[in-house]
Amino acid sequence: MQETKQSTVALVRCSSYKREEVESAVAKAIELLGGFEEIFSKGYEEGAINADSELILKPNLLAKANPEKAVTTHPEVFRAVGKALKDAGYGNLKYGDSPGNPMLSVERTADGCGIKTVADELGILPGDFEHGREVEYAGGMATKKFVLCNEIADIVESGEGGVINICKMKTHQLERITGAIKNSFGCVYGINKTASHAVYETPEHFARMLADLNGLVKPRLHIMDGVVAMEGNGPGSGDPTHMDVILASTDPVALDAAFCHLIHLDVDYVPTNRAAADAGLGFASEENIRVLVGNMPMHKDGEEIDLDDMAVKYGDRNFNVQRSVEYRGNFRIMKLVGRFIEKKPIVLEDKCIGCGICEASCPVEGKAVKIKPRITKALGESSMGTGEVPSLMKMEETPKQKVAMYNYDMCIKCYCCQEMCPEKAITIRKSLLAKIIDRRWKM
């Protein structure tokens, strides 16, 4: 009888960002995976990692944000990973990411997230994520080339060293969640990330591109910061919520699948899970995933539990994430009303400051969202002080009196605008009809 292949996911309790607790949790996760020497020797016939190999720590640096907002990888998790590597003798470390806003430098973004301070303290140098070049990938299914940040391109082209993926547990409007697989998107250089949304317009097509990217970059280890996760309007404008866990694996698909089980989300509803599993990058099925726990109140350290047991004991079924099947225009009868049941981004005008980041991040030629003067009612001379309804319409021109406005006929529903809005002024809304269909028929 043929033995079932399995990937291991370490699940370790970590209830706060206190330094000692995070360092203990990360160390336990690495121990459950067999230690760095075992981790770095798995699945790689060439480019074995040794003490002199260059390792790139790749956190989630989506935007310049306070760590407590759960937008980015928490600096204490970054610290714990860097310290663990250094303590194990891996001293040739660099870090970086390509932020969502190309107008901000990597250094300023990392500084605003608290990552730069920690990196400086540990002596971890910034890698070159400010420049990029094209790298071919013959094995790609959605694309045969990427424009990678130079530091990542060096690793890929040399076949030496590797990437340590330190991702954040969050929701994502396009792919439902962003975890290990999606975090590799920050290896793509600058404005090319935004442009990718115009090329790979559907969640499924975009997910296949991400699978290709992971197949090219091949991160050696994935560690997920789930101490405080983000639910709701993620990945940049959602709500922080405690999940109290650190997860780790050499398999990004298995790691994201475990994340799905913890929030009671069907693994198959996440396009990145399906695409990466189909590309042979890991396992999404329960029978192929073993979970080893650490510091968990109901189990001994190193004990193996199944995903369903994990979800019941340590998950959150009330985690705010889209769990229903999303309409993609595949049903002929529904095409007539498709525009009325698809979700779309909307502007919360009371929060919008007219900064223009949404317009800059829109990948559509001609822009589907633009900053325009607000239309406000103002009293005319004849009605001033009389209590009559104002009749004069005035276009306000000052920056604070401008607002984002959509042309939905152009919008490709990539949600880059929502992802990058610094004021949480863009949210995703479904019509009442869409909500009824989801609830009754799960279309």
# chains A, B, ... in the order shown; residues from 1 in each chain; ligands from 1
call {"tool": "residues_around", "arguments": {"residues": "Ile412 of chain A", "least_positions_apart": "3", "cutoff": "8 Å", "atoms": "only C-alpha atoms", "output": "NGL selection string"}}
result
:A and (198 or 201 or 364)
call {"tool": "write_last_selection", "arguments": {"atoms": "N, CA and C atoms", "output": "PDB file, in the first residue's frame"}}
result
ATOM      1  N   ALA A 198      -4.281  44.380 -14.012  1.00  0.00           N
ATOM      2  CA  ALA A 198      -4.914  44.638 -15.302  1.00  0.00           C
ATOM      3  C   ALA A 198      -4.719  43.470 -16.260  1.00  0.00           C
ATOM      4  N   GLU A 201      -7.091  39.590 -14.585  1.00  0.00           N
ATOM      5  CA  GLU A 201      -8.249  40.320 -14.076  1.00  0.00           C
ATOM      6  C   GLU A 201      -9.122  39.530 -13.111  1.00  0.00           C
ATOM      7  N   VAL A 364      -6.228  50.261 -14.201  1.00  0.00           N
ATOM      8  CA  VAL A 364      -6.984  50.405 -15.444  1.00  0.00           C
ATOM      9  C   VAL A 364      -6.529  51.652 -16.192  1.00  0.00           C
TER      10      VAL A 364
END
call {"tool": "select_by_dssp", "arguments": {"residues": "segment 2-207 of chain A", "states": "alpha helix (DSSP H)", "output": "tab-separated table (two decimals) with N, CA, C and O atoms, in the first residue's frame"}}
result
chain	number	residue	atom	x	y	z
A	19	ARG	N	7.89	40.18	23.82
A	19	ARG	CA	9.06	39.65	23.13
A	19	ARG	C	9.37	38.21	23.51
A	19	ARG	O	9.58	37.35	22.65
A	20	GLU	N	9.41	37.92	24.79
A	20	GLU	CA	9.76	36.57	25.24
A	20	GLU	C	8.77	35.53	24.74
A	20	GLU	O	9.15	34.43	24.34
A	21	GLU	N	7.49	35.89	24.75
A	21	GLU	CA	6.46	34.94	24.32
A	21	GLU	C	6.55	34.67	22.82
A	21	GLU	O	6.43	33.52	22.38
A	22	VAL	N	6.77	35.72	22.03
A	22	VAL	CA	6.88	35.54	20.58
A	22	VAL	C	8.12	34.73	20.23
A	22	VAL	O	8.08	33.81	19.40
A	23	GLU	N	9.24	35.05	20.86
A	23	GLU	CA	10.47	34.30	20.59
A	23	GLU	C	10.31	32.82	20.95
A	23	GLU	O	10.77	31.94	20.22
A	24	SER	N	9.64	32.55	22.06
A	24	SER	CA	9.39	31.16	22.46
A	24	SER	C	8.50	30.44	21.47
A	24	SER	O	8.74	29.28	21.11
A	25	ALA	N	7.45	31.14	20.99
A	25	ALA	CA	6.51	30.53	20.04
A	25	ALA	C	7.18	30.23	18.71
A	25	ALA	O	6.99	29.15	18.12
A	26	VAL	N	7.97	31.18	18.19
A	26	VAL	CA	8.66	30.96	16.92
A	26	VAL	C	9.68	29.83	17.05
A	26	VAL	O	9.79	28.96	16.18
A	27	ALA	N	10.42	29.81	18.16
A	27	ALA	CA	11.39	28.73	18.39
A	27	ALA	C	10.70	27.38	18.45
A	27	ALA	O	11.20	26.38	17.91
A	28	LYS	N	9.54	27.34	19.09
A	28	LYS	CA	8.79	26.07	19.19
A	28	LYS	C	8.31	25.63	17.81
A	28	LYS	O	8.37	24.44	17.47
A	29	ALA	N	7.83	26.55	17.00
A	29	ALA	CA	7.35	26.21	15.66
A	29	ALA	C	8.48	25.62	14.82
A	29	ALA	O	8.30	24.62	14.12
A	30	ILE	N	9.66	26.23	14.90
A	30	ILE	CA	10.81	25.73	14.14
A	30	ILE	C	11.22	24.36	14.65
A	30	ILE	O	11.55	23.46	13.87
A	31	GLU	N	11.16	24.18	15.96
A	31	GLU	CA	11.49	22.87	16.55
A	31	GLU	C	10.54	21.79	16.06
A	31	GLU	O	10.95	20.67	15.73
A	32	LEU	N	9.24	22.12	15.99
A	32	LEU	CA	8.25	21.14	15.54
A	32	LEU	C	8.47	20.73	14.09
A	32	LEU	O	8.08	19.63	13.68
A	36	PHE	N	16.16	24.19	11.77
A	36	PHE	CA	16.55	24.82	10.51
A	36	PHE	C	17.31	23.88	9.58
A	36	PHE	O	17.12	23.92	8.36
A	37	GLU	N	18.18	23.07	10.13
A	37	GLU	CA	18.97	22.18	9.26
A	37	GLU	C	18.05	21.23	8.49
A	37	GLU	O	18.23	21.02	7.29
A	38	GLU	N	17.05	20.71	9.17
A	38	GLU	CA	16.08	19.82	8.50
A	38	GLU	C	15.23	20.61	7.51
A	38	GLU	O	14.98	20.17	6.39
A	39	ILE	N	14.78	21.79	7.92
A	39	ILE	CA	13.93	22.62	7.07
A	39	ILE	C	14.64	22.98	5.77
A	39	ILE	O	14.07	22.87	4.68
A	40	PHE	N	15.89	23.40	5.87
A	40	PHE	CA	16.62	23.87	4.70
A	40	PHE	C	17.12	22.75	3.80
A	40	PHE	O	17.58	23.00	2.69
A	41	SER	N	17.05	21.53	4.25
A	41	SER	CA	17.50	20.41	3.42
A	41	SER	C	16.35	19.73	2.70
A	41	SER	O	16.57	18.91	1.81
A	75	PRO	N	6.57	43.63	14.12
A	75	PRO	CA	8.02	43.64	14.26
A	75	PRO	C	8.57	42.62	15.25
A	75	PRO	O	9.70	42.15	15.08
A	76	GLU	N	7.79	42.24	16.26
A	76	GLU	CA	8.29	41.25	17.21
A	76	GLU	C	8.35	39.84	16.60
A	76	GLU	O	9.20	39.04	16.97
A	77	VAL	N	7.47	39.57	15.66
A	77	VAL	CA	7.55	38.29	14.93
A	77	VAL	C	8.76	38.31	14.01
A	77	VAL	O	9.52	37.34	13.92
A	78	PHE	N	8.96	39.44	13.33
A	78	PHE	CA	10.15	39.60	12.48
A	78	PHE	C	11.42	39.44	13.32
A	78	PHE	O	12.36	38.75	12.93
A	79	ARG	N	11.44	40.05	14.50
A	79	ARG	CA	12.59	39.96	15.39
A	79	ARG	C	12.85	38.51	15.78
A	79	ARG	O	13.99	38.03	15.76
A	80	ALA	N	11.79	37.80	16.17
A	80	ALA	CA	11.94	36.42	16.64
A	80	ALA	C	12.51	35.51	15.55
A	80	ALA	O	13.35	34.65	15.82
A	81	VAL	N	12.06	35.71	14.31
A	81	VAL	CA	12.57	34.90	13.20
A	81	VAL	C	14.04	35.23	12.93
A	81	VAL	O	14.87	34.33	12.78
A	82	GLY	N	14.35	36.53	12.87
A	82	GLY	CA	15.73	36.93	12.64
A	82	GLY	C	16.67	36.45	13.73
A	82	GLY	O	17.77	35.96	13.45
A	83	LYS	N	16.25	36.57	14.98
A	83	LYS	CA	17.07	36.14	16.10
A	83	LYS	C	17.28	34.63	16.09
A	83	LYS	O	18.39	34.13	16.34
A	84	ALA	N	16.21	33.88	15.78
A	84	ALA	CA	16.32	32.42	15.72
A	84	ALA	C	17.33	31.99	14.66
A	84	ALA	O	18.13	31.07	14.88
A	85	LEU	N	17.30	32.65	13.51
A	85	LEU	CA	18.25	32.33	12.45
A	85	LEU	C	19.68	32.66	12.87
A	85	LEU	O	20.60	31.86	12.68
A	86	LYS	N	19.86	33.82	13.45
A	86	LYS	CA	21.20	34.22	13.89
A	86	LYS	C	21.73	33.28	14.97
A	86	LYS	O	22.90	32.88	14.95
A	87	ASP	N	20.87	32.92	15.92
A	87	ASP	CA	21.28	32.02	17.00
A	87	ASP	C	21.67	30.65	16.47
A	87	ASP	O	22.49	29.95	17.07
A	106	VAL	N	10.84	51.64	0.25
A	106	VAL	CA	10.81	50.47	1.11
A	106	VAL	C	11.27	50.86	2.52
A	106	VAL	O	10.68	50.44	3.52
A	107	GLU	N	12.31	51.68	2.60
A	107	GLU	CA	12.85	52.07	3.90
A	107	GLU	C	11.82	52.84	4.72
A	107	GLU	O	11.64	52.57	5.92
A	108	ARG	N	11.13	53.80	4.10
A	108	ARG	CA	10.12	54.58	4.83
A	108	ARG	C	8.96	53.70	5.28
A	108	ARG	O	8.44	53.87	6.38
A	109	THR	N	8.56	52.76	4.42
A	109	THR	CA	7.48	51.86	4.80
A	109	THR	C	7.90	50.96	5.95
A	109	THR	O	7.16	50.80	6.93
A	110	ALA	N	9.09	50.38	5.84
A	110	ALA	CA	9.60	49.50	6.90
A	110	ALA	C	9.77	50.26	8.20
A	110	ALA	O	9.49	49.73	9.29
A	111	ASP	N	10.20	51.51	8.11
A	111	ASP	CA	10.37	52.34	9.30
A	111	ASP	C	9.02	52.60	9.95
A	111	ASP	O	8.87	52.52	11.18
A	112	GLY	N	8.01	52.90	9.14
A	112	GLY	CA	6.68	53.19	9.65
A	112	GLY	C	5.99	51.99	10.27
A	112	GLY	O	5.08	52.14	11.09
A	115	ILE	N	9.58	47.67	11.43
A	115	ILE	CA	10.47	46.59	10.99
A	115	ILE	C	11.92	47.09	10.89
A	115	ILE	O	12.86	46.39	11.28
A	116	LYS	N	12.11	48.31	10.38
A	116	LYS	CA	13.47	48.82	10.19
A	116	LYS	C	14.21	48.92	11.52
A	116	LYS	O	15.41	48.57	11.61
A	117	THR	N	13.54	49.38	12.55
A	117	THR	CA	14.19	49.51	13.86
A	117	THR	C	14.70	48.17	14.35
A	117	THR	O	15.84	48.05	14.83
A	118	VAL	N	13.87	47.14	14.23
A	118	VAL	CA	14.26	45.80	14.66
A	118	VAL	C	15.41	45.27	13.80
A	118	VAL	O	16.38	44.69	14.32
A	119	ALA	N	15.31	45.46	12.48
A	119	ALA	CA	16.37	44.99	11.58
A	119	ALA	C	17.71	45.65	11.92
A	119	ALA	O	18.75	44.99	11.95
A	120	ASP	N	17.66	46.94	12.20
A	120	ASP	CA	18.89	47.66	12.57
A	120	ASP	C	19.48	47.09	13.86
A	120	ASP	O	20.70	46.92	13.99
A	121	GLU	N	18.62	46.80	14.83
A	121	GLU	CA	19.07	46.26	16.11
A	121	GLU	C	19.74	44.89	15.94
A	121	GLU	O	20.71	44.56	16.62
A	122	LEU	N	19.19	44.09	15.01
A	122	LEU	CA	19.73	42.75	14.79
A	122	LEU	C	20.87	42.72	13.77
A	122	LEU	O	21.48	41.67	13.55
A	150	ASN	N	15.45	43.26	-7.38
A	150	ASN	CA	16.81	42.79	-7.62
A	150	ASN	C	17.28	41.77	-6.60
A	150	ASN	O	17.96	40.79	-6.96
A	151	GLU	N	16.97	41.99	-5.34
A	151	GLU	CA	17.44	41.07	-4.30
A	151	GLU	C	16.87	39.68	-4.50
A	151	GLU	O	17.55	38.67	-4.31
A	152	ILE	N	15.61	39.61	-4.89
A	152	ILE	CA	14.96	38.32	-5.15
A	152	ILE	C	15.49	37.72	-6.45
A	152	ILE	O	15.74	36.51	-6.54
A	153	ALA	N	15.67	38.56	-7.46
A	153	ALA	CA	16.20	38.08	-8.74
A	153	ALA	C	17.58	37.44	-8.55
A	153	ALA	O	17.90	36.42	-9.17
A	154	ASP	N	18.41	38.04	-7.69
A	154	ASP	CA	19.73	37.47	-7.42
A	154	ASP	C	19.63	36.07	-6.85
A	154	ASP	O	20.37	35.16	-7.26
A	155	ILE	N	18.71	35.88	-5.92
A	155	ILE	CA	18.52	34.57	-5.29
A	155	ILE	C	18.04	33.54	-6.32
A	155	ILE	O	18.55	32.42	-6.41
A	156	VAL	N	17.06	33.96	-7.13
A	156	VAL	CA	16.48	33.06	-8.12
A	156	VAL	C	17.51	32.66	-9.17
A	156	VAL	O	17.65	31.48	-9.51
A	157	GLU	N	18.23	33.62	-9.70
A	157	GLU	CA	19.17	33.36	-10.79
A	157	GLU	C	20.41	32.58	-10.33
A	157	GLU	O	20.95	31.78	-11.08
A	158	SER	N	20.83	32.81	-9.11
A	158	SER	CA	22.02	32.11	-8.61
A	158	SER	C	21.69	30.70	-8.12
A	158	SER	O	22.56	29.82	-8.13
A	180	ALA	N	0.48	32.80	3.12
A	180	ALA	CA	1.81	32.44	2.61
A	180	ALA	C	1.93	32.64	1.11
A	180	ALA	O	2.90	33.22	0.62
A	181	ILE	N	0.96	32.16	0.35
A	181	ILE	CA	1.05	32.22	-1.11
A	181	ILE	C	0.98	33.67	-1.59
A	181	ILE	O	1.79	34.12	-2.40
A	182	LYS	N	0.03	34.42	-1.11
A	182	LYS	CA	-0.16	35.80	-1.57
A	182	LYS	C	1.01	36.70	-1.16
A	182	LYS	O	1.35	37.66	-1.88
A	183	ASN	N	1.63	36.44	-0.01
A	183	ASN	CA	2.69	37.32	0.47
A	183	ASN	C	3.90	37.37	-0.47
A	183	ASN	O	4.65	38.35	-0.48
A	191	ILE	N	5.73	49.13	-9.45
A	191	ILE	CA	4.50	49.37	-10.19
A	191	ILE	C	4.03	48.15	-10.95
A	191	ILE	O	2.86	48.05	-11.35
A	192	ASN	N	4.91	47.17	-11.15
A	192	ASN	CA	4.52	45.95	-11.87
A	192	ASN	C	3.46	45.17	-11.11
A	192	ASN	O	2.71	44.40	-11.71
A	193	LYS	N	3.38	45.35	-9.80
A	193	LYS	CA	2.34	44.67	-9.03
A	193	LYS	C	0.97	45.20	-9.42
A	193	LYS	O	0.03	44.44	-9.67
A	194	THR	N	0.85	46.52	-9.45
A	194	THR	CA	-0.42	47.13	-9.85
A	194	THR	C	-0.79	46.75	-11.28
A	194	THR	O	-1.94	46.41	-11.57
A	195	ALA	N	0.20	46.78	-12.17
A	195	ALA	CA	-0.06	46.43	-13.58
A	195	ALA	C	-0.54	44.99	-13.72
A	195	ALA	O	-1.32	44.68	-14.63
A	196	SER	N	-0.10	44.12	-12.82
A	196	SER	CA	-0.50	42.71	-12.90
A	196	SER	C	-2.01	42.54	-12.78
A	196	SER	O	-2.59	41.62	-13.37
A	197	HIS	N	-2.65	43.42	-12.03
A	197	HIS	CA	-4.10	43.31	-11.85
A	197	HIS	C	-4.85	43.57	-13.15
A	197	HIS	O	-5.94	43.03	-13.36
A	198	ALA	N	-4.28	44.38	-14.01
A	198	ALA	CA	-4.91	44.64	-15.30
A	198	ALA	C	-4.72	43.47	-16.26
A	198	ALA	O	-5.53	43.26	-17.17
A	199	VAL	N	-3.65	42.71	-16.06
A	199	VAL	CA	-3.36	41.56	-16.93
A	199	VAL	C	-4.11	40.32	-16.45
A	199	VAL	O	-4.69	39.58	-17.25
A	203	PRO	N	-9.96	36.62	-10.07
A	203	PRO	CA	-9.25	36.02	-8.92
A	203	PRO	C	-8.54	34.73	-9.29
A	203	PRO	O	-7.44	34.46	-8.79
A	204	GLU	N	-9.15	33.92	-10.16
A	204	GLU	CA	-8.55	32.65	-10.54
A	204	GLU	C	-7.30	32.84	-11.39
A	204	GLU	O	-6.28	32.17	-11.17
A	205	HIS	N	-7.37	33.76	-12.35
A	205	HIS	CA	-6.21	34.02	-13.20
A	205	HIS	C	-5.08	34.64	-12.38
A	205	HIS	O	-3.90	34.29	-12.54
A	206	PHE	N	-5.45	35.55	-11.48
A	206	PHE	CA	-4.46	36.18	-10.61
A	206	PHE	C	-3.80	35.13	-9.71
A	206	PHE	O	-2.59	35.17	-9.46
A	207	ALA	N	-4.59	34.19	-9.23
A	207	ALA	CA	-4.06	33.13	-8.36
A	207	ALA	C	-3.09	32.23	-9.11
A	207	ALA	O	-2.08	31.78	-8.54
call {"tool": "atom_distance", "arguments": {"atom1": "atom CA of Ala360 of chain A", "atom2": "atom CA of Asp128 of chain A"}}
result
23.4 Å
call {"tool": "residues_around", "arguments": {"residues": "Asp409 of chain A", "least_positions_apart": "5", "cutoff": "12 Å", "atoms": "only C-alpha atoms", "output": "list in words"}}
result
Arg339, Lys344, Val364, Gly366, Lys367, Ala368 and Val369 of chain A
call {"tool": "residues_around", "arguments": {"residues": "segment 159-170 of chain A", "least_positions_apart": "2", "cutoff": "7 Å", "atoms": "only C-alpha atoms", "output": "PyMOL selection string"}}
result
chain A and resi 47+49+53-60+72-73+155-157+172+177-180+183+219-226+229-231+234-235
